[in-house]
Structure formats: C-alpha cells, structure tokens
file work06.txt (compact mmCIF, C-alpha atoms (C1' of nucleotides))
# COMPACT_ATOMS: atom_id res chain seq x y z
CA MET A 1 4.66 35.80 10.17
CA ALA A 2 3.49 32.23 10.48
CA ARG A 3 3.21 30.26 7.28
CA TYR A 4 1.11 27.19 6.56
CA LEU A 5 2.21 24.36 4.30
CA THR A 6 -0.22 23.63 1.51
CA GLU A 7 -3.04 21.32 2.52
CA PRO A 8 -6.24 20.16 0.81
CA ASP A 9 -9.62 21.67 1.55
CA ALA A 10 -11.68 19.64 3.95
CA GLY A 11 -14.19 18.74 1.26
CA ASP A 12 -11.58 17.56 -1.23
CA VAL A 13 -10.41 14.69 0.87
CA LYS A 14 -10.96 11.23 -0.59
CA PHE A 15 -11.86 8.53 1.84
CA THR A 16 -9.62 5.93 0.27
CA GLU A 17 -6.68 8.28 0.53
CA VAL A 18 -7.41 8.95 4.18
CA MET A 19 -7.57 5.24 4.84
CA ARG A 20 -4.31 4.65 3.04
CA ALA A 21 -2.66 7.42 5.01
CA LEU A 22 -3.85 5.79 8.22
CA ALA A 23 -2.72 2.30 7.24
CA ASP A 24 0.91 2.65 8.22
CA PRO A 25 2.44 1.83 11.61
CA VAL A 26 4.75 4.85 11.70
CA ARG A 27 1.97 7.27 10.82
CA LEU A 28 -0.30 5.67 13.40
CA ARG A 29 2.38 6.31 16.00
CA MET A 30 2.57 9.92 14.92
CA LEU A 31 -1.18 10.20 15.16
CA ALA A 32 -1.16 8.82 18.68
CA VAL A 33 1.29 11.53 19.74
CA LEU A 34 -0.79 14.21 18.02
CA ALA A 35 -4.00 12.84 19.48
CA ASP A 36 -4.36 15.38 22.27
CA GLY A 37 -4.95 18.02 19.65
CA GLU A 38 -2.14 20.35 20.59
CA TYR A 39 0.66 21.65 18.47
CA HIS A 40 3.97 19.91 18.90
CA PRO A 41 7.41 21.19 18.14
CA CYS A 42 9.12 19.03 15.54
CA TRP A 43 10.43 16.52 15.89
CA PRO A 44 9.95 15.40 19.44
CA GLU A 45 11.78 12.27 20.43
CA GLU A 46 8.61 10.19 20.40
CA PHE A 47 8.65 10.40 16.64
CA LEU A 48 12.30 9.69 16.12
CA VAL A 49 12.46 6.04 16.96
CA GLY A 50 14.76 4.55 14.39
CA VAL A 51 13.30 6.56 11.54
CA HIS A 52 15.32 8.86 9.36
CA LYS A 53 14.30 12.51 9.43
CA SER A 54 13.55 12.56 5.73
CA THR A 55 11.33 9.52 6.20
CA LEU A 56 9.50 11.35 8.93
CA SER A 57 9.10 14.38 6.71
CA HIS A 58 7.63 12.12 4.05
CA HIS A 59 5.11 10.66 6.47
CA PHE A 60 4.03 14.09 7.64
CA ARG A 61 3.52 15.09 4.07
CA VAL A 62 1.30 12.06 3.47
CA LEU A 63 -0.79 12.91 6.51
CA ARG A 64 -1.00 16.54 5.51
CA GLU A 65 -1.95 15.80 1.90
CA ALA A 66 -4.64 13.43 3.12
CA GLY A 67 -6.12 16.34 5.05
CA ILE A 68 -5.47 14.79 8.43
CA THR A 69 -2.91 17.22 9.79
CA ARG A 70 -1.99 20.87 9.42
CA THR A 71 1.60 22.09 9.47
CA ARG A 72 2.44 25.61 10.60
CA LEU A 73 5.87 27.11 10.14
CA GLU A 74 7.06 29.79 12.53
CA GLY A 75 10.59 30.84 11.91
CA ARG A 76 12.62 27.69 12.12
CA ASN A 77 10.02 25.74 14.04
CA TYR A 78 7.36 23.47 12.57
CA PHE A 79 4.14 22.82 14.48
CA ILE A 80 1.74 20.08 13.55
CA GLN A 81 -1.80 19.52 14.67
CA LEU A 82 -4.62 17.18 13.88
CA ARG A 83 -7.45 18.64 11.80
CA LYS A 84 -9.74 16.74 14.07
CA GLU A 85 -12.94 18.75 13.74
CA GLU A 86 -12.71 18.78 9.96
CA VAL A 87 -12.02 15.08 9.65
CA ASP A 88 -14.76 14.36 12.18
CA ALA A 89 -17.20 16.47 10.22
CA ARG A 90 -16.56 14.55 7.04
CA PHE A 91 -15.94 11.07 8.45
CA PRO A 92 -17.63 10.92 11.85
CA GLY A 93 -16.10 8.56 14.35
CA LEU A 94 -13.26 7.50 12.11
CA LEU A 95 -10.45 9.32 13.86
CA ASP A 96 -11.51 8.23 17.33
CA ALA A 97 -11.86 4.62 16.28
CA VAL A 98 -8.48 4.66 14.61
CA LEU A 99 -6.81 6.37 17.54
CA ASN A 100 -8.25 3.78 19.89
CA GLY A 101 -7.22 0.95 17.60
CA ALA A 102 -3.73 2.33 17.30
CA ARG A 103 -3.46 2.44 21.06
CA GLU A 104 -4.46 -1.22 21.37
CA PRO A 105 -1.52 -3.52 22.01
CA GLU A 106 -0.71 -5.58 18.95
CA PRO A 107 -0.91 -9.34 19.42
CA THR A 108 2.41 -11.13 19.48
CA ASP A 109 2.53 -13.28 16.40
CA THR A 110 4.55 -16.29 17.51
CA MET B 1 -21.46 -30.31 5.05
CA ALA B 2 -20.54 -26.66 5.08
CA ARG B 3 -16.86 -25.86 5.21
CA TYR B 4 -15.18 -22.66 6.39
CA LEU B 5 -12.07 -21.22 4.82
CA THR B 6 -9.26 -20.66 7.28
CA GLU B 7 -9.46 -17.37 9.14
CA PRO B 8 -7.53 -15.81 12.02
CA ASP B 9 -8.79 -15.82 15.60
CA ALA B 10 -10.43 -12.58 16.61
CA GLY B 11 -7.65 -11.77 19.05
CA ASP B 12 -4.83 -12.35 16.57
CA VAL B 13 -5.83 -9.50 14.31
CA LYS B 14 -3.32 -6.69 13.99
CA PHE B 15 -4.73 -3.23 13.70
CA THR B 16 -2.33 -2.11 10.99
CA GLU B 17 -3.27 -5.10 8.89
CA VAL B 18 -6.96 -4.34 9.32
CA MET B 19 -6.35 -0.77 8.23
CA ARG B 20 -4.37 -1.87 5.23
CA ALA B 21 -7.11 -4.28 4.27
CA LEU B 22 -9.62 -1.45 4.47
CA ALA B 23 -7.50 0.99 2.48
CA ASP B 24 -8.45 -0.22 -0.98
CA PRO B 25 -11.33 1.06 -3.11
CA VAL B 26 -12.37 -2.36 -4.37
CA ARG B 27 -12.43 -3.88 -0.92
CA LEU B 28 -14.37 -0.91 0.42
CA ARG B 29 -16.97 -1.52 -2.26
CA MET B 30 -17.18 -5.15 -1.22
CA LEU B 31 -17.56 -4.10 2.38
CA ALA B 32 -20.40 -1.78 1.51
CA VAL B 33 -22.27 -4.64 -0.13
CA LEU B 34 -21.61 -6.91 2.83
CA ALA B 35 -22.60 -4.19 5.27
CA ASP B 36 -26.12 -5.43 5.94
CA GLY B 37 -24.58 -8.42 7.65
CA GLU B 38 -26.18 -11.08 5.52
CA TYR B 39 -24.54 -13.79 3.55
CA HIS B 40 -24.23 -13.15 -0.14
CA PRO B 41 -23.85 -15.64 -2.94
CA CYS B 42 -20.66 -15.08 -4.84
CA TRP B 43 -20.15 -13.15 -6.90
CA PRO B 44 -23.10 -10.82 -7.15
CA GLU B 45 -22.95 -8.32 -9.93
CA GLU B 46 -22.24 -5.44 -7.56
CA PHE B 47 -18.77 -6.85 -7.11
CA LEU B 48 -17.98 -7.57 -10.71
CA VAL B 49 -17.47 -4.11 -12.09
CA GLY B 50 -14.48 -4.44 -14.33
CA VAL B 51 -12.57 -6.66 -11.95
CA HIS B 52 -11.27 -10.07 -12.87
CA LYS B 53 -12.61 -12.97 -10.84
CA SER B 54 -9.17 -13.95 -9.59
CA THR B 55 -8.61 -10.37 -8.46
CA LEU B 56 -11.85 -10.54 -6.56
CA SER B 57 -10.81 -13.80 -4.99
CA HIS B 58 -7.57 -12.15 -3.93
CA HIS B 59 -9.40 -9.26 -2.28
CA PHE B 60 -11.69 -11.61 -0.40
CA ARG B 61 -8.67 -13.44 0.84
CA VAL B 62 -7.14 -10.21 2.13
CA LEU B 63 -10.33 -9.33 3.97
CA ARG B 64 -10.62 -12.83 5.39
CA GLU B 65 -6.99 -12.98 6.54
CA ALA B 66 -7.41 -9.60 8.20
CA GLY B 67 -10.23 -11.11 10.22
CA ILE B 68 -12.87 -8.89 8.69
CA THR B 69 -14.93 -11.47 6.82
CA ARG B 70 -15.78 -15.13 7.09
CA THR B 71 -16.17 -17.36 4.06
CA ARG B 72 -18.39 -20.41 4.14
CA LEU B 73 -18.41 -23.00 1.36
CA GLU B 74 -21.53 -25.01 0.69
CA GLY B 75 -21.23 -27.26 -2.27
CA ARG B 76 -20.31 -25.02 -5.16
CA ASN B 77 -21.49 -21.85 -3.49
CA TYR B 78 -19.40 -19.46 -1.43
CA PHE B 79 -21.05 -17.28 1.19
CA ILE B 80 -19.31 -14.36 2.79
CA GLN B 81 -20.26 -12.37 5.83
CA LEU B 82 -18.79 -9.60 7.90
CA ARG B 83 -17.40 -10.64 11.27
CA LYS B 84 -18.94 -7.48 12.60
CA GLU B 85 -19.37 -8.34 16.27
CA GLU B 86 -15.83 -9.61 16.55
CA VAL B 87 -14.27 -6.62 14.82
CA ASP B 88 -16.48 -4.30 16.85
CA ALA B 89 -15.39 -5.99 20.06
CA ARG B 90 -11.73 -5.45 19.28
CA PHE B 91 -11.91 -2.11 17.46
CA PRO B 92 -15.09 -0.36 18.57
CA GLY B 93 -16.61 2.02 16.09
CA LEU B 94 -14.08 1.32 13.37
CA LEU B 95 -16.27 -0.69 11.05
CA ASP B 96 -19.20 1.69 11.27
CA ALA B 97 -17.02 4.71 10.65
CA VAL B 98 -15.39 3.03 7.67
CA LEU B 99 -18.68 1.85 6.25
CA ASN B 100 -20.08 5.35 6.51
CA GLY B 101 -16.98 6.84 4.96
CA ALA B 102 -17.07 4.34 2.13
CA ARG B 103 -20.65 5.29 1.42
CA GLU B 104 -19.76 8.99 1.20
CA PRO B 105 -19.53 10.25 -2.34
CA GLU B 106 -15.93 10.88 -3.34
CA PRO B 107 -15.14 14.43 -4.40
CA THR B 108 -14.54 14.92 -8.08
CA ASP B 109 -10.90 15.85 -8.46
CA THR B 110 -10.89 18.16 -11.44
C1' DC C 1 -18.40 -41.23 -15.28
C1' DC C 2 -17.91 -37.17 -17.66
C1' DA C 3 -18.75 -32.35 -18.59
C1' DA C 4 -19.92 -27.87 -16.91
C1' DC C 5 -19.58 -24.54 -13.33
C1' DT C 6 -17.48 -21.80 -9.29
C1' DG C 7 -14.03 -19.99 -7.27
C1' DT C 8 -8.87 -20.73 -5.87
C1' DT C 9 -3.96 -20.87 -6.80
C1' DT C 10 0.11 -19.72 -9.13
C1' DG C 11 3.07 -16.87 -11.91
C1' DA C 12 4.14 -12.67 -14.15
C1' DT C 13 3.98 -7.68 -14.70
C1' DG C 14 3.65 -2.80 -13.78
C1' DA C 15 2.78 0.48 -10.16
C1' DT C 16 3.13 2.20 -5.64
C1' DC C 17 5.31 2.56 -1.24
C1' DG C 18 8.66 2.99 2.70
C1' DT C 19 13.22 3.84 3.52
C1' DC C 20 17.63 6.07 3.38
C1' DA C 21 21.36 9.19 1.73
C1' DT C 22 22.43 13.38 -0.14
C1' DA C 23 21.68 17.92 -1.55
C1' DC C 24 18.95 21.95 -0.93
C1' DT C 25 16.44 26.04 1.25
C1' DA C 26 15.17 29.34 4.66
C1' DG C 27 15.49 31.57 9.26
C1' DG C 28 18.14 33.14 13.33
C1' DG C 29 22.20 34.08 16.05
C1' DA C 30 26.98 35.58 16.61
C1' DT D 1 28.00 38.60 6.84
C1' DC D 2 28.58 33.82 7.74
C1' DC D 3 27.38 29.72 9.64
C1' DC D 4 24.40 26.73 12.14
C1' DT D 5 19.96 24.80 12.54
C1' DA D 6 15.55 22.50 11.09
C1' DG D 7 13.12 20.40 7.89
C1' DT D 8 12.18 19.73 2.71
C1' DA D 9 13.13 17.82 -1.92
C1' DT D 10 15.17 14.55 -4.91
C1' DG D 11 16.81 10.22 -6.38
C1' DA D 12 17.58 5.44 -5.76
C1' DC D 13 16.60 0.78 -4.07
C1' DG D 14 14.01 -3.12 -2.35
C1' DA D 15 9.56 -4.70 -0.97
C1' DT D 16 4.80 -4.96 -1.36
C1' DC D 17 0.59 -4.71 -3.96
C1' DA D 18 -3.22 -4.86 -7.50
C1' DT D 19 -4.15 -6.87 -11.60
C1' DC D 20 -4.71 -10.31 -15.16
C1' DA D 21 -4.13 -14.82 -17.44
C1' DA D 22 -3.97 -19.53 -17.26
C1' DA D 23 -4.06 -23.79 -14.85
C1' DC D 24 -6.21 -26.25 -11.09
C1' DA D 25 -9.68 -28.44 -7.71
C1' DG D 26 -14.11 -29.60 -5.87
C1' DT D 27 -19.15 -30.15 -6.77
C1' DT D 28 -23.30 -30.87 -9.25
C1' DG D 29 -26.11 -32.51 -13.15
C1' DG D 30 -26.70 -35.41 -16.98

call {"tool": "encode", "arguments": {"input": "work06.txt", "output": "structure tokens"}}
result
Amino acid sequence: MARYLTEPDAGDVKFTEVMRALADPVRLRMLAVLADGEYHPCWPEEFLVGVHKSTLSHHFRVLREAGITRTRLEGRNYFIQLRKEEVDARFPGLLDAVLNGAREPEPTDT
Amino acid sequence: MARYLTEPDAGDVKFTEVMRALADPVRLRMLAVLADGEYHPCWPEEFLVGVHKSTLSHHFRVLREAGITRTRLEGRNYFIQLRKEEVDARFPGLLDAVLNGAREPEPTDT
DNA sequence: CCAACTGTTTGATGATCGTCATACTAGGGA
DNA sequence: TCCCTAGTATGACGATCATCAAACAGTTGG
C-alpha cells in the first residue's frame, strides 16, 4: 500500500553531501519542523513561506538523497520523517548540533 | 609585531554561513589538519594536494570570514588556528561533530 | 637597496545551485 | 468515467562558487 521514494543506504552517505544539504536556510527550516521525529503531512504551512511548491519538492529531494529524510507515499499523501537514528549512527552529534544551531536566532547584520 | 587579519566578532556569525563554509571537501580537509588546535605554518604539505595556492588562500578567507579560524601574520609567516572555544560557545557540539564526520572515510561510490 | 619568498588580490571561466513556471503523473471522490 | 488534488519532473534563468593564472604587496636576507 504505502510506497517509499528512493533513498540511499545509510552507509552510502557522503559527509560532504550531508553538509551541503544542511547548508541552506530553507532546508534548515524544514529540518527544524521535522525535528520532533514525527511524520508530517505535506506540505504544512510552516514550510510554505514564500517558497514555490516545486522549490520545496526540490529541497525535499536534496534532503532525501543526502540520506537525511525518508519520504513515504500513502495514496495522495506524502509523509516525511528524519532518519535520525541512522544519521546519528554514522555522524554522531551532527544532527543535534545542527538542529540547535538552526534554532539559534541569526544576528542582525546592520 | 604580529598582525591579525580581519575576522568577524563571535556573535556576528550566521549559522547558515558557518554551515556553508563547512560544506566543502577542501575546507574540511583543512579543518581536520587544524583540529588539534595548534597554529600551523602555512602552507604545510597536507593542504597542498593538487590545489593552487590562491585557491587555498580563498578557502582560508572563507573559513576566517565565517568566524571559524583566526589568521595571525608574523613577518612573512602566516599562522592559522581554529576559534574552537568561540564556535563551541555559539554552536555547541557542531565543530566536534563535523570534525568527526570529516575524519570518517567516505564510501566508495561505484 | 635589491632580490627572493609568502601569501593576497583581482579577473576570468566553467560548474553548481536556488528559484520559478509549466507540464506531467498518480490516486481518490463524485 | 472524469475531474480534482498533491506533489514530481523538466527546463530556463540569474546568482554564487571553486578554480586557476597573473599581478601585487609586505618582509627578510644579502
């Protein structure tokens, strides 16, 4: 019934690619929403802040192909979750540090 | 006598910019060499693996402007160190997680 | 004072990336 | 069966980036 979009094996993930996937403000926002580890119906309004839906789809693909998220398709609904345990196993502490950093308020650059 | 190249204040560092600075294989290699926290004369051979010296200079500038490293100039010699305590204070655990991840062997993608 | 050395700066080039618009595909309801 | 819905795929455009080459600037040694 449920179908999963193609994703890399946990061991095939390259660190540089993970870092690049995490180095984007929009994707960091997505990650913050996904941080509680639960599935979310797509796309909740938190994601859609001035970003086109195809752009969002692109960002989710980047995260998925970097091995950071998993996308499950049930009927017409897409559910996305963090692959937290797997990322933690390969890169301990990275996800938590990034999630904390992403939550930090950015300094105002004036 | 010693002169320091301009660097941002610890509080002015934007997380996204830090992540972007860390999302490059060459800069991750540099970081791994700098990881023991000591100054290093520039450029040790570990850095110069098929990278032009101006490219290296560019990468060091990126790291410095992201607030990750400090560059000290003494006479003709440049010394670079990680601003570990400052980065740790603002983004706890990030640097260690990244350093560990950078040390991990990359999977062979064949 | 001049030459050699170290690393920076500038300019150019090719590649990658984020974004949007449009077209496309698949599932579910009437 | 037909259409609506939800997200994907493709193509294009502008911006950013990594890289190199060449010119430049500061320092030391003769």

call {"tool": "interface_residues", "arguments": {"input": "work06.txt", "of": "chain A", "to": "chain B", "cutoff": "12 Å", "atoms": "only C-alpha atoms", "output": "ChimeraX atom specification"}}
result
/A:8-29,87-110

call {"tool": "write_last_selection", "arguments": {"input": "work06.txt", "atoms": "C-alpha atoms", "output": "tab-separated table (two decimals), keeping the file's coordinate frame"}}
result
chain	number	residue	atom	x	y	z
A	8	PRO	CA	-6.24	20.16	0.81
A	9	ASP	CA	-9.62	21.67	1.55
A	10	ALA	CA	-11.68	19.64	3.95
A	11	GLY	CA	-14.19	18.74	1.26
A	12	ASP	CA	-11.58	17.56	-1.23
A	13	VAL	CA	-10.41	14.69	0.87
A	14	LYS	CA	-10.96	11.23	-0.59
A	15	PHE	CA	-11.86	8.53	1.84
A	16	THR	CA	-9.62	5.93	0.27
A	17	GLU	CA	-6.68	8.28	0.53
A	18	VAL	CA	-7.41	8.95	4.18
A	19	MET	CA	-7.57	5.24	4.84
A	20	ARG	CA	-4.31	4.65	3.04
A	21	ALA	CA	-2.66	7.42	5.01
A	22	LEU	CA	-3.85	5.79	8.22
A	23	ALA	CA	-2.72	2.30	7.24
A	24	ASP	CA	0.91	2.65	8.22
A	25	PRO	CA	2.44	1.83	11.61
A	26	VAL	CA	4.75	4.85	11.70
A	27	ARG	CA	1.97	7.27	10.82
A	28	LEU	CA	-0.30	5.67	13.40
A	29	ARG	CA	2.38	6.31	16.00
A	87	VAL	CA	-12.02	15.08	9.65
A	88	ASP	CA	-14.76	14.36	12.18
A	89	ALA	CA	-17.20	16.47	10.22
A	90	ARG	CA	-16.56	14.55	7.04
A	91	PHE	CA	-15.94	11.07	8.45
A	92	PRO	CA	-17.63	10.92	11.85
A	93	GLY	CA	-16.10	8.56	14.35
A	94	LEU	CA	-13.26	7.50	12.11
A	95	LEU	CA	-10.45	9.32	13.86
A	96	ASP	CA	-11.51	8.23	17.33
A	97	ALA	CA	-11.86	4.62	16.28
A	98	VAL	CA	-8.48	4.66	14.61
A	99	LEU	CA	-6.81	6.37	17.54
A	100	ASN	CA	-8.25	3.78	19.89
A	101	GLY	CA	-7.22	0.95	17.60
A	102	ALA	CA	-3.73	2.33	17.30
A	103	ARG	CA	-3.46	2.44	21.06
A	104	GLU	CA	-4.46	-1.22	21.37
A	105	PRO	CA	-1.52	-3.52	22.01
A	106	GLU	CA	-0.71	-5.58	18.95
A	107	PRO	CA	-0.91	-9.34	19.42
A	108	THR	CA	2.41	-11.13	19.48
A	109	ASP	CA	2.53	-13.28	16.40
A	110	THR	CA	4.55	-16.29	17.51

call {"tool": "interface_residues", "arguments": {"input": "work06.txt", "of": "chain C", "to": "chain B", "cutoff": "12 Å", "atoms": "all atoms listed in the file", "output": "count of residues only"}}
result
6

call {"tool": "residues_around", "arguments": {"input": "work06.txt", "residues": "DA15 of chain C", "least_positions_apart": "6", "cutoff": "12 Å", "atoms": "only C-alpha atoms (C1' of nucleotides)", "output": "list of chain:residue names"}}
result
D:DT16, D:DC17, D:DA18, D:DT19

call {"tool": "interface_residues", "arguments": {"input": "work06.txt", "of": "chain D", "to": "chain B", "cutoff": "10 Å", "atoms": "all atoms listed in the file", "output": "PyMOL selection string"}}
result
chain D and resi 18-21+26-28

call {"tool": "atom_distance", "arguments": {"input": "work06.txt", "atom1": "atom CA of Asp36 of chain A", "atom2": "atom CA of Ala2 of chain A"}}
result
22.0 Å

call {"tool": "atom_distance", "arguments": {"input": "work06.txt", "atom1": "atom CA of Tyr4 of chain A", "atom2": "atom CA of Gly37 of chain A"}}
result
17.1 Å

call {"tool": "atom_distance", "arguments": {"input": "work06.txt", "atom1": "atom CA of Arg83 of chain A", "atom2": "atom CA of Arg70 of chain A"}}
result
6.4 Å

call {"tool": "residues_around", "arguments": {"input": "work06.txt", "residues": "DG11 of chain D", "least_positions_apart": "2", "cutoff": "12 Å", "atoms": "only C-alpha atoms (C1' of nucleotides)", "output": "PyMOL selection string"}}
result
(chain C and resi 20-23) or (chain D and resi 9+13)

call {"tool": "write_last_selection", "arguments": {"input": "work06.txt", "atoms": "C-alpha atoms (C1' of nucleotides)", "output": "PDB file, in the coordinates of the input"}}
result
ATOM      1  C1'  DC C  20      17.630   6.070   3.380  1.00  0.00           C
ATOM      2  C1'  DA C  21      21.360   9.190   1.730  1.00  0.00           C
ATOM      3  C1'  DT C  22      22.430  13.380  -0.140  1.00  0.00           C
ATOM      4  C1'  DA C  23      21.680  17.920  -1.550  1.00  0.00           C
TER       5       DA C  23
ATOM      6  C1'  DA D   9      13.130  17.820  -1.920  1.00  0.00           C
ATOM      7  C1'  DC D  13      16.600   0.780  -4.070  1.00  0.00           C
TER       8       DC D  13
END

call {"tool": "residues_near_point", "arguments": {"input": "work06.txt", "point": "(1.6, 23.2, 8.6)", "cutoff": "9 Å", "atoms": "all atoms listed in the file", "output": "compact mmCIF listing (two decimals) with C-alpha atoms, in the frame of the given file"}}
result
# COMPACT_ATOMS: atom_id res chain seq x y z
CA ARG A 3 3.21 30.26 7.28
CA TYR A 4 1.11 27.19 6.56
CA LEU A 5 2.21 24.36 4.30
CA THR A 6 -0.22 23.63 1.51
CA GLU A 7 -3.04 21.32 2.52
CA ARG A 64 -1.00 16.54 5.51
CA THR A 69 -2.91 17.22 9.79
CA ARG A 70 -1.99 20.87 9.42
CA THR A 71 1.60 22.09 9.47
CA ARG A 72 2.44 25.61 10.60
CA LEU A 73 5.87 27.11 10.14
CA TYR A 78 7.36 23.47 12.57
CA PHE A 79 4.14 22.82 14.48
CA ILE A 80 1.74 20.08 13.55
CA GLN A 81 -1.80 19.52 14.67
